[in-house]
file work-v7.cif (mmCIF, C-alpha atoms)
data_my_file
#
loop_
_atom_site.label_atom_id
_atom_site.label_comp_id
_atom_site.auth_asym_id
_atom_site.auth_seq_id
_atom_site.Cartn_x
_atom_site.Cartn_y
_atom_site.Cartn_z
CA MET A 1 0.00 0.00 0.00
CA VAL A 2 2.86 2.37 0.80
CA ILE A 3 4.65 1.61 -2.48
CA VAL A 4 1.49 2.32 -4.49
CA ALA A 5 1.00 5.60 -2.60
CA ALA A 6 4.65 6.50 -3.23
CA CYS A 7 4.36 5.72 -6.94
CA ILE A 8 1.28 7.91 -7.31
CA ALA A 9 2.71 10.74 -5.20
CA ALA A 10 6.06 10.69 -7.00
CA ASN A 11 4.42 11.18 -10.40
CA LEU A 12 1.81 13.70 -9.26
CA PRO A 13 3.96 16.85 -9.67
CA PHE A 14 4.67 15.96 -13.28
CA VAL A 15 1.17 15.16 -14.53
CA ASN A 16 -0.75 18.27 -13.41
CA GLN A 17 -0.42 22.05 -13.21
CA ARG A 18 -1.89 22.46 -9.72
CA LEU A 19 0.18 23.11 -6.63
CA LEU A 20 0.37 19.83 -4.69
CA ALA A 21 -2.48 18.53 -6.90
CA ALA A 22 -5.07 20.33 -4.76
CA GLY A 23 -4.03 23.97 -4.84
CA PRO A 24 -4.79 26.60 -7.43
CA ALA A 25 -4.08 25.86 -11.06
CA LEU A 26 -1.18 27.85 -12.42
CA ALA A 27 -1.87 29.79 -15.60
CA SER A 28 1.64 29.25 -16.91
CA HIS A 29 3.62 26.04 -16.74
CA LYS A 30 5.17 25.08 -13.43
CA SER A 31 8.94 25.28 -13.40
CA LEU A 32 11.11 22.25 -12.79
CA TRP A 33 12.21 23.71 -9.46
CA LEU A 34 8.63 23.98 -8.24
CA ARG A 35 7.98 20.40 -9.33
CA LEU A 36 11.08 19.20 -7.44
CA LEU A 37 9.96 21.10 -4.33
CA GLU A 38 6.58 19.39 -4.59
CA LEU A 39 8.39 16.07 -4.94
CA VAL A 40 10.22 16.67 -1.65
CA VAL A 41 7.00 17.68 0.13
CA LEU A 42 5.18 14.61 -1.18
CA TYR A 43 8.10 12.41 -0.07
CA PHE A 44 7.50 13.59 3.50
CA VAL A 45 3.72 13.16 3.16
CA VAL A 46 4.14 9.53 2.05
CA GLY A 47 6.75 9.01 4.79
CA THR A 48 4.29 10.27 7.39
CA PHE A 49 1.64 7.92 6.00
CA ALA A 50 4.07 4.99 6.24
CA LEU A 51 5.05 5.98 9.77
CA LEU A 52 1.40 6.02 10.83
CA LEU A 53 0.85 2.57 9.34
CA GLU A 54 3.94 1.24 11.10
CA GLN A 55 2.85 2.78 14.38
CA ARG A 56 -0.55 1.10 14.11
CA ALA A 57 1.12 -2.27 13.42
CA GLY A 58 3.32 -2.11 16.52
CA GLN A 59 6.63 -0.68 17.60
CA ILE A 60 8.37 1.74 15.24
CA ALA A 61 11.78 0.50 14.15
CA PRO A 62 14.63 3.03 14.48
CA GLN A 63 16.02 4.32 11.17
CA GLY A 64 19.37 5.88 10.43
CA TRP A 65 20.45 8.12 7.57
CA GLU A 66 20.81 5.08 5.32
CA PHE A 67 17.07 4.44 5.47
CA TYR A 68 16.25 7.97 4.34
CA ALA A 69 18.89 7.90 1.61
CA ILE A 70 17.45 4.68 0.17
CA THR A 71 13.80 5.74 0.42
CA GLY A 72 14.59 9.13 -1.12
CA THR A 73 16.39 7.46 -3.99
CA LEU A 74 13.49 5.04 -4.47
CA PHE A 75 11.03 7.96 -4.50
CA VAL A 76 13.04 9.77 -7.17
CA THR A 77 13.24 6.53 -9.19
CA LEU A 78 9.47 6.11 -8.96
CA ALA A 79 9.09 9.67 -10.31
CA PHE A 80 10.96 8.82 -13.51
CA PRO A 81 7.88 7.92 -15.64
CA GLY A 82 6.25 11.26 -14.80
CA PHE A 83 9.45 13.14 -15.58
CA VAL A 84 9.75 11.36 -18.93
CA TYR A 85 6.13 12.16 -19.74
CA ARG A 86 6.52 15.85 -18.90
CA TYR A 87 9.95 16.65 -20.31
CA LEU A 88 11.02 13.98 -22.81
CA VAL A 89 7.84 12.94 -24.64
CA ARG A 90 6.84 15.25 -27.46
CA HIS A 91 3.25 16.46 -27.01
CA ARG A 92 1.11 17.41 -30.00
CA GLY A 93 0.19 21.05 -30.26
CA ALA A 94 2.85 22.19 -27.83
#
call {"tool": "encode", "arguments": {"input": "work-v7.cif", "output": "structure tokens"}}
result
Amino acid sequence: MVIVAACIAANLPFVNQRLLAAGPALASHKSLWLRLLELVVLYFVVGTFALLLEQRAGQIAPQGWEFYAITGTLFVTLAFPGFVYRYLVRHRGA
């Protein structure tokens, strides 16, 4: 469930023009920097969701910097299809 949520959240900044998919729609295109900032925010949102699930299941396991480095890298890897769609695929009429 967490991996599916991470996959959806990682691609969300690249497939819409709204801020965090719920905010106001931007008239012009969002910049790459804004999309990357959204990616970081959504990483922490999914991490909080995973932490809540783990807390409900029992004791929370301690994590070091390695855990966050791996999950951050996985989140960026999951965002690759959205990045390819937004920046590398040629869209008609654009």
call {"tool": "residues_around", "arguments": {"input": "work-v7.cif", "residues": "region 21-30 of chain A", "least_positions_apart": "5", "cutoff": "12 Å", "atoms": "all atoms listed in the file", "output": "PDB file with C-alpha atoms, in the frame of the given file"}}
result
ATOM      1  CA  ILE A   8       1.280   7.910  -7.310  1.00  0.00           C
ATOM      2  CA  ALA A   9       2.710  10.740  -5.200  1.00  0.00           C
ATOM      3  CA  ALA A  10       6.060  10.690  -7.000  1.00  0.00           C
ATOM      4  CA  ASN A  11       4.420  11.180 -10.400  1.00  0.00           C
ATOM      5  CA  LEU A  12       1.810  13.700  -9.260  1.00  0.00           C
ATOM      6  CA  PRO A  13       3.960  16.850  -9.670  1.00  0.00           C
ATOM      7  CA  PHE A  14       4.670  15.960 -13.280  1.00  0.00           C
ATOM      8  CA  VAL A  15       1.170  15.160 -14.530  1.00  0.00           C
ATOM      9  CA  ASN A  16      -0.750  18.270 -13.410  1.00  0.00           C
ATOM     10  CA  ARG A  35       7.980  20.400  -9.330  1.00  0.00           C
ATOM     11  CA  LEU A  36      11.080  19.200  -7.440  1.00  0.00           C
ATOM     12  CA  LEU A  37       9.960  21.100  -4.330  1.00  0.00           C
ATOM     13  CA  GLU A  38       6.580  19.390  -4.590  1.00  0.00           C
ATOM     14  CA  LEU A  39       8.390  16.070  -4.940  1.00  0.00           C
ATOM     15  CA  VAL A  41       7.000  17.680   0.130  1.00  0.00           C
ATOM     16  CA  LEU A  42       5.180  14.610  -1.180  1.00  0.00           C
ATOM     17  CA  ARG A  86       6.520  15.850 -18.900  1.00  0.00           C
ATOM     18  CA  TYR A  87       9.950  16.650 -20.310  1.00  0.00           C
ATOM     19  CA  ALA A  94       2.850  22.190 -27.830  1.00  0.00           C
TER      20      ALA A  94
END
call {"tool": "closest_residue", "arguments": {"input": "work-v7.cif", "among": "A:Val89, A:Val46, A:Thr73, A:Glu54", "to": "Val4 (chain A)", "atoms": "all atoms listed in the file"}}
result
A:Val46
call {"tool": "atom_distance", "arguments": {"input": "work-v7.cif", "atom1": "CA of Gly82 (chain A)", "atom2": "CA of Phe67 (chain A)"}}
result
24.0 Å
call {"tool": "closest_residue", "arguments": {"input": "work-v7.cif", "among": "A:Gln17, A:Phe49, A:Leu88, A:Ile3", "to": "Leu34 (chain A)", "atoms": "only C-alpha atoms"}}
result
A:Gln17
call {"tool": "closest_residue", "arguments": {"input": "work-v7.cif", "among": "A:Val40, A:Cys7, A:Ala57, A:Val2", "to": "Thr77 (chain A)", "atoms": "all atoms listed in the file"}}
result
A:Cys7
call {"tool": "atom_distance", "arguments": {"input": "work-v7.cif", "atom1": "CA of Phe83 (chain A)", "atom2": "CA of Met1 (chain A)"}}
result
22.5 Å
call {"tool": "closest_residue", "arguments": {"input": "work-v7.cif", "among": "A:Ala6, A:Leu19, A:Leu53, A:Leu32", "to": "Gly72 (chain A)", "atoms": "only C-alpha atoms"}}
result
A:Ala6
call {"tool": "axis_aligned_box", "arguments": {"input": "work-v7.cif", "around": "region 14-29 of chain A", "padding_each_side": "8 Å", "output": "lines of an AutoDock Vina configuration file"}}
result
center_x = -0.2
center_y = 22.5
center_z = -10.8
size_x = 25.7
size_y = 30.6
size_z = 28.2
call {"tool": "atom_distance", "arguments": {"input": "work-v7.cif", "atom1": "CA of Leu20 (chain A)", "atom2": "CA of Ala5 (chain A)"}}
result
14.4 Å
call {"tool": "decode", "arguments": {"input": "work-v7.cif", "residues": "chain A", "atoms": "C-alpha atoms", "output": "PDB file, in the first residue's frame"}}
result
ATOM      1  CA  MET A   1       0.000   0.000   0.000  1.00  0.00           C
ATOM      2  CA  VAL A   2       2.862   2.372   0.803  1.00  0.00           C
ATOM      3  CA  ILE A   3       4.651   1.609  -2.479  1.00  0.00           C
ATOM      4  CA  VAL A   4       1.492   2.323  -4.488  1.00  0.00           C
ATOM      5  CA  ALA A   5       0.998   5.603  -2.596  1.00  0.00           C
ATOM      6  CA  ALA A   6       4.653   6.503  -3.226  1.00  0.00           C
ATOM      7  CA  CYS A   7       4.362   5.722  -6.937  1.00  0.00           C
ATOM      8  CA  ILE A   8       1.277   7.915  -7.307  1.00  0.00           C
ATOM      9  CA  ALA A   9       2.713  10.744  -5.200  1.00  0.00           C
ATOM     10  CA  ALA A  10       6.059  10.693  -7.003  1.00  0.00           C
ATOM     11  CA  ASN A  11       4.416  11.180 -10.398  1.00  0.00           C
ATOM     12  CA  LEU A  12       1.806  13.696  -9.257  1.00  0.00           C
ATOM     13  CA  PRO A  13       3.955  16.852  -9.667  1.00  0.00           C
ATOM     14  CA  PHE A  14       4.669  15.964 -13.285  1.00  0.00           C
ATOM     15  CA  VAL A  15       1.170  15.158 -14.526  1.00  0.00           C
ATOM     16  CA  ASN A  16      -0.752  18.266 -13.409  1.00  0.00           C
ATOM     17  CA  GLN A  17      -0.420  22.049 -13.213  1.00  0.00           C
ATOM     18  CA  ARG A  18      -1.886  22.461  -9.723  1.00  0.00           C
ATOM     19  CA  LEU A  19       0.177  23.114  -6.631  1.00  0.00           C
ATOM     20  CA  LEU A  20       0.371  19.826  -4.693  1.00  0.00           C
ATOM     21  CA  ALA A  21      -2.482  18.527  -6.902  1.00  0.00           C
ATOM     22  CA  ALA A  22      -5.071  20.332  -4.765  1.00  0.00           C
ATOM     23  CA  GLY A  23      -4.025  23.971  -4.841  1.00  0.00           C
ATOM     24  CA  PRO A  24      -4.786  26.604  -7.425  1.00  0.00           C
ATOM     25  CA  ALA A  25      -4.085  25.862 -11.062  1.00  0.00           C
ATOM     26  CA  LEU A  26      -1.179  27.850 -12.422  1.00  0.00           C
ATOM     27  CA  ALA A  27      -1.868  29.792 -15.597  1.00  0.00           C
ATOM     28  CA  SER A  28       1.639  29.250 -16.910  1.00  0.00           C
ATOM     29  CA  HIS A  29       3.621  26.042 -16.742  1.00  0.00           C
ATOM     30  CA  LYS A  30       5.171  25.085 -13.433  1.00  0.00           C
ATOM     31  CA  SER A  31       8.944  25.275 -13.401  1.00  0.00           C
ATOM     32  CA  LEU A  32      11.109  22.250 -12.793  1.00  0.00           C
ATOM     33  CA  TRP A  33      12.213  23.712  -9.455  1.00  0.00           C
ATOM     34  CA  LEU A  34       8.634  23.979  -8.241  1.00  0.00           C
ATOM     35  CA  ARG A  35       7.977  20.399  -9.326  1.00  0.00           C
ATOM     36  CA  LEU A  36      11.079  19.197  -7.437  1.00  0.00           C
ATOM     37  CA  LEU A  37       9.959  21.104  -4.327  1.00  0.00           C
ATOM     38  CA  GLU A  38       6.576  19.394  -4.592  1.00  0.00           C
ATOM     39  CA  LEU A  39       8.395  16.069  -4.941  1.00  0.00           C
ATOM     40  CA  VAL A  40      10.217  16.665  -1.647  1.00  0.00           C
ATOM     41  CA  VAL A  41       6.997  17.685   0.128  1.00  0.00           C
ATOM     42  CA  LEU A  42       5.177  14.612  -1.176  1.00  0.00           C
ATOM     43  CA  TYR A  43       8.099  12.411  -0.073  1.00  0.00           C
ATOM     44  CA  PHE A  44       7.505  13.589   3.501  1.00  0.00           C
ATOM     45  CA  VAL A  45       3.724  13.155   3.162  1.00  0.00           C
ATOM     46  CA  VAL A  46       4.143   9.529   2.054  1.00  0.00           C
ATOM     47  CA  GLY A  47       6.745   9.009   4.788  1.00  0.00           C
ATOM     48  CA  THR A  48       4.287  10.270   7.393  1.00  0.00           C
ATOM     49  CA  PHE A  49       1.641   7.922   5.999  1.00  0.00           C
ATOM     50  CA  ALA A  50       4.070   4.987   6.238  1.00  0.00           C
ATOM     51  CA  LEU A  51       5.047   5.982   9.770  1.00  0.00           C
ATOM     52  CA  LEU A  52       1.402   6.023  10.834  1.00  0.00           C
ATOM     53  CA  LEU A  53       0.851   2.566   9.338  1.00  0.00           C
ATOM     54  CA  GLU A  54       3.938   1.237  11.096  1.00  0.00           C
ATOM     55  CA  GLN A  55       2.846   2.778  14.377  1.00  0.00           C
ATOM     56  CA  ARG A  56      -0.553   1.096  14.112  1.00  0.00           C
ATOM     57  CA  ALA A  57       1.118  -2.272  13.424  1.00  0.00           C
ATOM     58  CA  GLY A  58       3.323  -2.112  16.515  1.00  0.00           C
ATOM     59  CA  GLN A  59       6.625  -0.677  17.602  1.00  0.00           C
ATOM     60  CA  ILE A  60       8.366   1.739  15.243  1.00  0.00           C
ATOM     61  CA  ALA A  61      11.779   0.502  14.148  1.00  0.00           C
ATOM     62  CA  PRO A  62      14.627   3.026  14.475  1.00  0.00           C
ATOM     63  CA  GLN A  63      16.022   4.317  11.175  1.00  0.00           C
ATOM     64  CA  GLY A  64      19.373   5.884  10.429  1.00  0.00           C
ATOM     65  CA  TRP A  65      20.452   8.115   7.566  1.00  0.00           C
ATOM     66  CA  GLU A  66      20.815   5.083   5.316  1.00  0.00           C
ATOM     67  CA  PHE A  67      17.065   4.437   5.472  1.00  0.00           C
ATOM     68  CA  TYR A  68      16.253   7.973   4.339  1.00  0.00           C
ATOM     69  CA  ALA A  69      18.891   7.896   1.608  1.00  0.00           C
ATOM     70  CA  ILE A  70      17.451   4.676   0.175  1.00  0.00           C
ATOM     71  CA  THR A  71      13.797   5.736   0.420  1.00  0.00           C
ATOM     72  CA  GLY A  72      14.590   9.132  -1.119  1.00  0.00           C
ATOM     73  CA  THR A  73      16.394   7.457  -3.991  1.00  0.00           C
ATOM     74  CA  LEU A  74      13.487   5.040  -4.465  1.00  0.00           C
ATOM     75  CA  PHE A  75      11.029   7.955  -4.496  1.00  0.00           C
ATOM     76  CA  VAL A  76      13.043   9.768  -7.173  1.00  0.00           C
ATOM     77  CA  THR A  77      13.244   6.531  -9.188  1.00  0.00           C
ATOM     78  CA  LEU A  78       9.469   6.111  -8.961  1.00  0.00           C
ATOM     79  CA  ALA A  79       9.088   9.667 -10.313  1.00  0.00           C
ATOM     80  CA  PHE A  80      10.959   8.815 -13.515  1.00  0.00           C
ATOM     81  CA  PRO A  81       7.878   7.922 -15.640  1.00  0.00           C
ATOM     82  CA  GLY A  82       6.245  11.264 -14.796  1.00  0.00           C
ATOM     83  CA  PHE A  83       9.450  13.142 -15.580  1.00  0.00           C
ATOM     84  CA  VAL A  84       9.754  11.364 -18.930  1.00  0.00           C
ATOM     85  CA  TYR A  85       6.130  12.156 -19.744  1.00  0.00           C
ATOM     86  CA  ARG A  86       6.520  15.851 -18.898  1.00  0.00           C
ATOM     87  CA  TYR A  87       9.948  16.647 -20.315  1.00  0.00           C
ATOM     88  CA  LEU A  88      11.017  13.977 -22.811  1.00  0.00           C
ATOM     89  CA  VAL A  89       7.836  12.939 -24.638  1.00  0.00           C
ATOM     90  CA  ARG A  90       6.843  15.249 -27.460  1.00  0.00           C
ATOM     91  CA  HIS A  91       3.246  16.461 -27.011  1.00  0.00           C
ATOM     92  CA  ARG A  92       1.109  17.413 -29.997  1.00  0.00           C
ATOM     93  CA  GLY A  93       0.189  21.046 -30.260  1.00  0.00           C
ATOM     94  CA  ALA A  94       2.852  22.188 -27.831  1.00  0.00           C
TER      95      ALA A  94
END
